[in-house]
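K.L.:
Sharing work-v7.pdb here; it has PDB, C-alpha atoms and all ligand atoms.
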```
ATOM      1  CA  MET Z   1      74.385 110.192 163.916
ATOM      2  CA  SER Z   2      71.143 108.534 164.982
ATOM      3  CA  SER Z   3      68.891 106.837 162.479
ATOM      4  CA  SER Z   4      66.151 109.362 163.243
ATOM      5  CA  GLU Z   5      68.347 111.955 161.541
ATOM      6  CA  ALA Z   6      68.746 109.921 158.358
ATOM      7  CA  SER Z   7      66.935 111.199 155.303
ATOM      8  CA  VAL Z   8      63.581 109.672 154.437
ATOM      9  CA  SER Z   9      64.451 109.427 150.786
ATOM     10  CA  GLY Z  10      68.091 109.154 149.757
ATOM     11  CA  ALA Z  11      70.150 111.592 147.719
ATOM     12  CA  LEU Z  12      72.540 110.823 144.901
ATOM     13  CA  PHE Z  13      76.123 112.119 145.212
ATOM     14  CA  ILE Z  14      78.090 112.003 141.987
ATOM     15  CA  LEU Z  15      81.847 112.052 142.485
ATOM     16  CA  SER Z  16      84.104 112.665 139.524
ATOM     17  CA  GLY Z  17      87.725 113.582 139.139
ATOM     18  CA  PRO Z  18      90.761 112.454 137.218
ATOM     19  CA  SER Z  19      92.266 109.034 137.731
ATOM     20  CA  GLY Z  20      94.594 109.456 140.707
ATOM     21  CA  SER Z  21      92.624 112.285 142.293
ATOM     22  CA  GLY Z  22      91.816 109.858 145.095
ATOM     23  CA  LYS Z  23      88.012 109.596 144.814
ATOM     24  CA  THR Z  24      87.959 105.847 145.310
ATOM     25  CA  THR Z  25      90.094 106.015 148.489
ATOM     26  CA  LEU Z  26      88.010 108.887 149.743
ATOM     27  CA  ILE Z  27      84.766 106.956 149.284
ATOM     28  CA  ARG Z  28      86.243 103.793 150.847
ATOM     29  CA  ARG Z  29      87.470 105.761 153.852
ATOM     30  CA  LEU Z  30      84.074 107.333 154.377
ATOM     31  CA  LEU Z  31      82.312 103.964 154.204
ATOM     32  CA  ASP Z  32      84.891 102.040 156.253
ATOM     33  CA  GLU Z  33      84.936 104.583 159.069
ATOM     34  CA  GLY Z  34      81.213 103.952 159.433
ATOM     35  CA  GLU Z  35      80.637 107.413 160.855
ATOM     36  CA  LEU Z  36      77.719 108.085 158.549
ATOM     37  CA  GLU Z  37      74.714 105.787 158.547
ATOM     38  CA  SER Z  38      72.520 105.216 155.532
ATOM     39  CA  VAL Z  39      75.123 105.760 152.856
ATOM     40  CA  SER Z  40      76.110 103.265 150.220
ATOM     41  CA  PHE Z  41      78.419 102.961 147.208
ATOM     42  CA  SER Z  42      77.022 102.173 143.781
ATOM     43  CA  VAL Z  43      79.126  99.333 142.346
ATOM     44  CA  SER Z  44      79.509  99.964 138.620
ATOM     45  CA  HIS Z  45      79.668  97.433 135.817
ATOM     46  CA  THR Z  46      82.778  97.477 133.667
ATOM     47  CA  THR Z  47      84.314  95.551 130.804
ATOM     48  CA  ARG Z  48      87.850  96.237 132.034
ATOM     49  CA  ARG Z  49      89.815  93.445 133.694
ATOM     50  CA  PRO Z  50      90.143  93.411 137.502
ATOM     51  CA  ARG Z  51      93.375  94.861 138.873
ATOM     52  CA  VAL Z  52      95.314  93.069 141.579
ATOM     53  CA  GLY Z  53      93.339  93.240 144.820
ATOM     54  CA  GLU Z  54      90.040  94.235 143.208
ATOM     55  CA  LYS Z  55      87.005  92.125 144.066
ATOM     56  CA  HIS Z  56      84.038  91.317 141.841
ATOM     57  CA  GLY Z  57      80.917  92.810 143.407
ATOM     58  CA  ARG Z  58      82.834  95.107 145.757
ATOM     59  CA  ASP Z  59      84.931  97.307 143.446
ATOM     60  CA  TYR Z  60      83.082  96.579 140.215
ATOM     61  CA  HIS Z  61      80.840  94.015 138.596
ATOM     62  CA  PHE Z  62      83.342  92.790 136.007
ATOM     63  CA  VAL Z  63      81.452  91.708 132.881
ATOM     64  CA  SER Z  64      82.156  90.796 129.272
ATOM     65  CA  ASP Z  65      81.459  93.132 126.340
ATOM     66  CA  SER Z  66      78.422  91.063 125.379
ATOM     67  CA  GLU Z  67      76.984  91.124 128.909
ATOM     68  CA  PHE Z  68      77.435  94.891 128.971
ATOM     69  CA  ASP Z  69      75.792  95.274 125.536
ATOM     70  CA  GLY Z  70      72.896  93.117 126.750
ATOM     71  CA  MET Z  71      72.356  95.450 129.697
ATOM     72  CA  ILE Z  72      72.354  98.468 127.385
ATOM     73  CA  ALA Z  73      69.774  96.758 125.168
ATOM     74  CA  GLU Z  74      67.587  96.016 128.205
ATOM     75  CA  ASP Z  75      67.828  99.634 129.336
ATOM     76  CA  ARG Z  76      69.288  98.634 132.679
ATOM     77  CA  PHE Z  77      71.731 101.535 133.021
ATOM     78  CA  LEU Z  78      71.158 104.890 134.617
ATOM     79  CA  GLU Z  79      74.182 105.994 132.588
ATOM     80  CA  TRP Z  80      77.125 104.408 130.849
ATOM     81  CA  ALA Z  81      80.204 105.661 129.020
ATOM     82  CA  ARG Z  82      83.386 104.567 127.330
ATOM     83  CA  VAL Z  83      86.328 105.608 129.518
ATOM     84  CA  HIS Z  84      89.979 104.827 128.735
ATOM     85  CA  ASP Z  85      88.952 102.192 126.132
ATOM     86  CA  HIS Z  86      86.544 100.302 128.378
ATOM     87  CA  LEU Z  87      82.848 100.488 129.080
ATOM     88  CA  TYR Z  88      81.614 101.570 132.506
ATOM     89  CA  GLY Z  89      78.017 101.910 133.653
ATOM     90  CA  THR Z  90      75.796 102.494 136.673
ATOM     91  CA  SER Z  91      72.915 100.053 136.758
ATOM     92  CA  LEU Z  92      69.495 101.215 137.907
ATOM     93  CA  ASP Z  93      69.393  98.222 140.266
ATOM     94  CA  GLU Z  94      72.405  99.619 142.161
ATOM     95  CA  VAL Z  95      70.759 102.954 142.733
ATOM     96  CA  LEU Z  96      66.957 103.049 142.778
ATOM     97  CA  PRO Z  97      66.179 100.541 145.587
ATOM     98  CA  LYS Z  98      68.742 102.191 147.882
ATOM     99  CA  LEU Z  99      67.396 105.670 147.254
ATOM    100  CA  ALA Z 100      63.845 104.444 147.822
ATOM    101  CA  SER Z 101      64.834 103.016 151.209
ATOM    102  CA  GLY Z 102      66.296 106.359 152.284
ATOM    103  CA  THR Z 103      69.950 105.505 151.722
ATOM    104  CA  ASP Z 104      72.241 108.106 150.168
ATOM    105  CA  VAL Z 105      74.139 106.697 147.207
ATOM    106  CA  LEU Z 106      77.670 107.613 146.098
ATOM    107  CA  LEU Z 107      78.572 107.248 142.434
ATOM    108  CA  ASP Z 108      82.224 107.259 141.348
ATOM    109  CA  ILE Z 109      81.769 108.022 137.673
ATOM    110  CA  ASP Z 110      83.542 109.933 134.928
ATOM    111  CA  VAL Z 111      82.616 113.394 133.691
ATOM    112  CA  GLN Z 112      80.572 112.097 130.722
ATOM    113  CA  GLY Z 113      78.403 109.868 132.896
ATOM    114  CA  ALA Z 114      78.035 112.618 135.490
ATOM    115  CA  GLN Z 115      76.837 115.058 132.873
ATOM    116  CA  LYS Z 116      74.172 112.607 131.711
ATOM    117  CA  VAL Z 117      72.830 112.107 135.238
ATOM    118  CA  LEU Z 118      73.042 115.786 136.227
ATOM    119  CA  GLU Z 119      71.324 116.977 133.040
ATOM    120  CA  THR Z 120      68.709 114.401 132.251
ATOM    121  CA  ASP Z 121      67.548 112.924 135.515
ATOM    122  CA  GLU Z 122      66.268 115.971 137.360
ATOM    123  CA  ASP Z 123      62.702 114.686 137.161
ATOM    124  CA  ARG Z 124      63.646 111.247 138.395
ATOM    125  CA  PHE Z 125      65.621 112.408 141.434
ATOM    126  CA  GLY Z 126      64.077 115.790 142.151
ATOM    127  CA  GLU Z 127      66.450 118.174 143.861
ATOM    128  CA  ALA Z 128      68.421 115.403 145.513
ATOM    129  CA  VAL Z 129      71.314 115.009 143.050
ATOM    130  CA  PHE Z 130      74.623 116.646 143.884
ATOM    131  CA  GLY Z 131      77.905 116.715 142.009
ATOM    132  CA  VAL Z 132      81.244 116.680 143.818
ATOM    133  CA  PHE Z 133      84.429 117.164 141.806
ATOM    134  CA  VAL Z 134      87.648 115.826 143.319
ATOM    135  CA  LEU Z 135      90.842 117.577 142.216
ATOM    136  CA  PRO Z 136      94.422 116.547 142.933
ATOM    137  CA  PRO Z 137      96.508 119.306 144.554
ATOM    138  CA  GLY Z 138      98.432 119.775 141.279
ATOM    139  CA  TYR Z 139      99.717 118.181 138.083
ATOM    140  CA  LEU Z 140     103.032 116.904 139.443
ATOM    141  CA  GLU Z 141     101.373 115.305 142.466
ATOM    142  CA  LEU Z 142      98.843 113.608 140.177
ATOM    143  CA  LYS Z 143     101.610 112.290 137.922
ATOM    144  CA  SER Z 144     103.592 110.943 140.838
ATOM    145  CA  ARG Z 145     100.475 109.328 142.394
ATOM    146  CA  LEU Z 146      99.745 107.512 139.130
ATOM    147  CA  GLU Z 147     103.375 106.364 138.882
ATOM    148  CA  ARG Z 148     103.592 105.357 142.547
ATOM    149  CA  ARG Z 149     100.467 103.206 142.516
ATOM    150  CA  ASN Z 150     102.156 101.104 139.867
ATOM    151  CA  LEU Z 151      98.922  99.928 138.284
ATOM    152  CA  ASP Z 152      99.361 101.116 134.736
ATOM    153  CA  ALA Z 153     102.028 101.049 132.046
ATOM    154  CA  PRO Z 154     103.767 104.392 131.229
ATOM    155  CA  ASP Z 155     101.780 104.868 128.003
ATOM    156  CA  VAL Z 156      98.513 104.338 129.916
ATOM    157  CA  ILE Z 157      99.624 106.868 132.548
ATOM    158  CA  ALA Z 158     100.475 109.395 129.828
ATOM    159  CA  ARG Z 159      97.003 108.918 128.330
ATOM    160  CA  ARG Z 160      95.338 109.290 131.742
ATOM    161  CA  LEU Z 161      97.197 112.576 132.308
ATOM    162  CA  ASP Z 162      96.002 113.881 128.929
ATOM    163  CA  VAL Z 163      92.434 112.899 129.790
ATOM    164  CA  ALA Z 164      92.847 114.541 133.216
ATOM    165  CA  ARG Z 165      93.801 117.857 131.641
ATOM    166  CA  ALA Z 166      90.516 117.894 129.714
ATOM    167  CA  GLU Z 167      88.405 116.500 132.575
ATOM    168  CA  ILE Z 168      89.360 119.090 135.184
ATOM    169  CA  GLN Z 169      87.908 121.870 133.009
ATOM    170  CA  ARG Z 170      84.480 120.338 133.704
ATOM    171  CA  PHE Z 171      84.500 121.117 137.445
ATOM    172  CA  GLN Z 172      82.010 123.923 136.743
ATOM    173  CA  ASN Z 173      79.234 121.371 136.189
ATOM    174  CA  TYR Z 174      79.494 120.232 139.841
ATOM    175  CA  ASP Z 175      78.117 121.710 143.054
ATOM    176  CA  TYR Z 176      81.244 121.174 145.164
ATOM    177  CA  VAL Z 177      84.988 120.829 144.638
ATOM    178  CA  ILE Z 178      87.277 118.969 147.022
ATOM    179  CA  ILE Z 179      91.017 119.533 146.531
ATOM    180  CA  ASN Z 180      92.359 116.264 147.803
ATOM    181  CA  ALA Z 181      95.716 116.986 149.379
ATOM    182  CA  ASN Z 182      94.992 114.908 152.462
ATOM    183  CA  ALA Z 183      92.715 111.862 152.333
ATOM    184  CA  ASP Z 184      91.555 112.173 155.953
ATOM    185  CA  ARG Z 185      90.540 115.751 155.595
ATOM    186  CA  ALA Z 186      88.956 115.180 152.186
ATOM    187  CA  SER Z 187      86.800 112.341 153.479
ATOM    188  CA  ARG Z 188      85.624 114.525 156.379
ATOM    189  CA  VAL Z 189      84.684 117.237 153.895
ATOM    190  CA  LEU Z 190      82.701 114.714 151.848
ATOM    191  CA  ALA Z 191      80.916 113.504 154.994
ATOM    192  CA  SER Z 192      80.021 117.102 155.870
ATOM    193  CA  ILE Z 193      78.550 117.708 152.431
ATOM    194  CA  ILE Z 194      76.380 114.589 152.737
ATOM    195  CA  LEU Z 195      75.265 115.511 156.263
ATOM    196  CA  GLU Z 196      74.480 119.075 155.342
ATOM    197  CA  LYS Z 197      72.246 117.949 152.507
ATOM    198  CA  ARG Z 198      70.253 115.716 154.881
ATOM    199  CA  HIS Z 199      69.192 118.838 156.750
ATOM    200  CA  ASP Z 200      67.935 120.750 153.746
ATOM    201  CA  LYS Z 201      64.457 121.804 154.745
ATOM    202  CA  ALA Z 202      62.916 120.398 151.574
ATOM    203  CA  ARG Z 203      64.385 116.940 152.156
ATOM    204  CA  ILE Z 204      63.691 116.785 155.876
ATOM    205  CA  ARG Z 205      60.089 117.899 155.413
ATOM    206  CA  GLY Z 206      58.559 114.546 156.466
ATOM    207  CA  GLN Z 207      60.486 114.407 159.735
ATOM    208  CA  VAL Z 208      59.696 118.036 160.502
ATOM    209  CA  ALA Z 209      55.999 117.336 159.912
ATOM    210  CA  ALA Z 210      56.162 114.484 162.442
ATOM    211  CA  VAL Z 211      57.760 116.750 165.073
ATOM    212  CA  LEU Z 212      55.183 119.492 164.457
ATOM    213  CA  ALA Z 213      52.322 116.996 164.583
ATOM    214  CA  SER Z 214      53.535 115.767 167.985
ATOM    215  CA  PHE Z 215      52.637 119.125 169.543
ATOM    216  CA  PRO Z 216      49.169 119.298 171.127
ATOM    217  CA  GLU Z 217      46.533 121.760 169.966
ATOM    218  CA  PRO Z 218      46.891 125.261 171.499
ATOM    219  CA  GLU Z 219      44.142 124.819 174.192
ATOM    220  CA  SER Z 220      45.521 121.581 175.624
ATOM    221  CA  ALA Z 221      49.051 122.963 175.338
ATOM    222  CA  LEU Z 222      47.992 125.768 177.709
ATOM    223  CA  GLU Z 223      46.451 123.284 180.154
ATOM    224  CA  ASP Z 224      49.405 120.887 180.134
ATOM    225  CA  GLY Z 225      52.231 123.340 179.627
ATOM    226  CA  PRO Z 226      54.496 124.918 182.205
ATOM    227  CA  THR Z 227      52.918 127.631 184.396
ATOM    228  CA  ASP Z 228      54.601 130.811 185.544
ATOM    229  CA  THR Z 229      55.083 130.849 189.266
TER
HETATM  230  P1  LIG Z 301      89.185 102.858 136.846
HETATM  231  O1  LIG Z 301      89.343 101.987 135.659
HETATM  232  O2  LIG Z 301      90.447 103.593 137.191
HETATM  233  O3  LIG Z 301      88.590 102.142 138.014
HETATM  234  O4  LIG Z 301      88.108 103.982 136.473
HETATM  235  C1  LIG Z 301      88.289 104.772 135.349
HETATM  236  C2  LIG Z 301      87.249 105.861 135.316
HETATM  237  O5  LIG Z 301      85.949 105.292 135.101
HETATM  238  C3  LIG Z 301      87.135 106.665 136.616
HETATM  239  O6  LIG Z 301      87.125 108.051 136.276
HETATM  240  C4  LIG Z 301      85.805 106.275 137.171
HETATM  241  O7  LIG Z 301      85.199 107.347 137.877
HETATM  242  C5  LIG Z 301      85.025 105.954 135.929
HETATM  243  N1  LIG Z 301      83.865 105.100 136.188
HETATM  244  C6  LIG Z 301      83.767 104.075 137.078
HETATM  245  N2  LIG Z 301      82.532 103.554 137.067
HETATM  246  C7  LIG Z 301      81.821 104.278 136.169
HETATM  247  C8  LIG Z 301      80.459 104.232 135.723
HETATM  248  O8  LIG Z 301      79.641 103.433 136.149
HETATM  249  N3  LIG Z 301      80.102 105.137 134.768
HETATM  250  C9  LIG Z 301      80.961 106.054 134.259
HETATM  251  N4  LIG Z 301      80.494 106.914 133.347
HETATM  252  N5  LIG Z 301      82.243 106.128 134.658
HETATM  253  C10 LIG Z 301      82.670 105.254 135.610
END
```
Could I get this file's structure written as structure tokens?
P.N.:
Amino acid sequence: MSSSEASVSGALFILSGPSGSGKTTLIRRLLDEGELESVSFSVSHTTRRPRVGEKHGRDYHFVSDSEFDGMIAEDRFLEWARVHDHLYGTSLDEVLPKLASGTDVLLDIDVQGAQKVLETDEDRFGEAVFGVFVLPPGYLELKSRLERRNLDAPDVIARRLDVARAEIQRFQNYDYVIINANADRASRVLASIILEKRHDKARIRGQVAAVLASFPEPESALEDGPTDT
């Protein structure tokens, strides 16, 4: 899409879903394909250790417990939560400047963090906050994805599946649900949701005003306009 179609002020898209639902891959795919302009991922802070292949500053800002506590004390988080025994948080610095420059921002956060943003930040973000819940196609597929990716010990996987059972009940708090059976298709659905929201008449108001203002006044329009022959 052309940059003239991009939104003047960005929207916040909150993606949640159980571990293994594929949200991270879905977001990466959307960003790597580069089909959508003006969209960016909010890199969270976490106290958990990096996994093999994860990069500081790209996947997460990996910080110590005391650094994280310091950020809480300085009120630097939009939201934070304890998930699977570690702390995770979205810093305001990751989100506000991007939104102000018209970039849409994707958050990959858990259901607790999502609830905080969806409930308490209406005034801050106006109507431009949307929740997208990503579901796996079923329990057995989720279990086998967690086992196949070989990142966690069996007891951790068992705990993640228990958490998943509780988390999926919260889909009602979100605006959209994507059942992620196929990563390609799911990332196209996510792109469509983002695009559709850019054309909401409330959000596109500034650009519409510019188009309307480009039309001449009625008298000169008659003089300059096409004539019937
Ligand atoms: P993982 O350790 O597998 O990368 O992520 C575990 C969970 O933490 C995922 O559900 C992920 O969405 C969530 N998470 C990642 N970053 C944040 C964050 O900044 N805030 C909250 N509340 N949850 C997060």
K.L.:
Could I get the residue neighbourhood of ligand LIG 301 (chain Z) at 10 Å, counting only C-alpha atoms and all ligand atoms, as a count of residues only?
P.N.:
56
K.L.:
Specify as an MDAnalysis selection string each residue included when the PyMOL selection byres (((chain Z and resi 176-184) around 12) and not hetatm) is applied to this file.
P.N.:
chainID Z and resid 13:18 20:30 33 129:138 141:142 145 168 170:175 185:194
K.L.:
One decimal, in Å: what's the spacing between atom CA of Gln169 of chain Z and atom CA of Leu92 of chain Z?
P.N.:
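So the two atoms, atom CA of Gln169 of chain Z and atom CA of Leu92 of chain Z, lie 28.1 Å apart.
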K.L.:
Tell me, in Å to one decimal, how far atom CA of Gln207 of chain Z is from atom CA of Ser9 of chain Z.
P.N.:
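Those two atoms sit 11.0 Å apart.
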K.L.:
Could you state the separation of atom CA of Ile157 of chain Z and atom CA of Lys143 of chain Z in Å, given to one decimal place?
P.N.:
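Going from atom CA of Ile157 of chain Z over to atom CA of Lys143 of chain Z, I get 7.9 Å.
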K.L.:
Box for segment 84-96 of chain Z: with edges along x, y and z, all listed atoms inside and 6 Å added on each side, what are the centre and edge lengths in Å to one decimal, as lines of an AutoDock Vina configuration file?
P.N.:
```
center_x = 78.5
center_y = 101.5
center_z = 134.5
size_x = 35.0
size_y = 18.6
size_z = 28.6
```
K.L.:
For Gly126 of chain Z, list every protein, DNA or RNA residue within 12 Å, evaluated using all atoms listed in the file, and leave out those in the same chain fewer than 6 positions away; present the list as a ChimeraX atom specification.
P.N.:
/Z:9-12,99,117-120,202-203
K.L.:
For a quick check of understanding, using all atoms listed in the file, which of Z:Val52, Z:Leu146, Z:Val105, Z:Leu140 has the smallest distance to Ala128 of chain Z?
P.N.:
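With all atoms listed in the file as the atom set, the closest residue is Z:Val105.
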K.L.:
Which residue is closest to Ala100 of chain Z? Choose from Z:Glu219, Z:Ser38, Z:Asp155, Z:Lys197 and count only C-alpha atoms.
P.N.:
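Among Z:Glu219, Z:Ser38, Z:Asp155, Z:Lys197, it is Z:Ser38 that comes nearest to Ala100 of chain Z.
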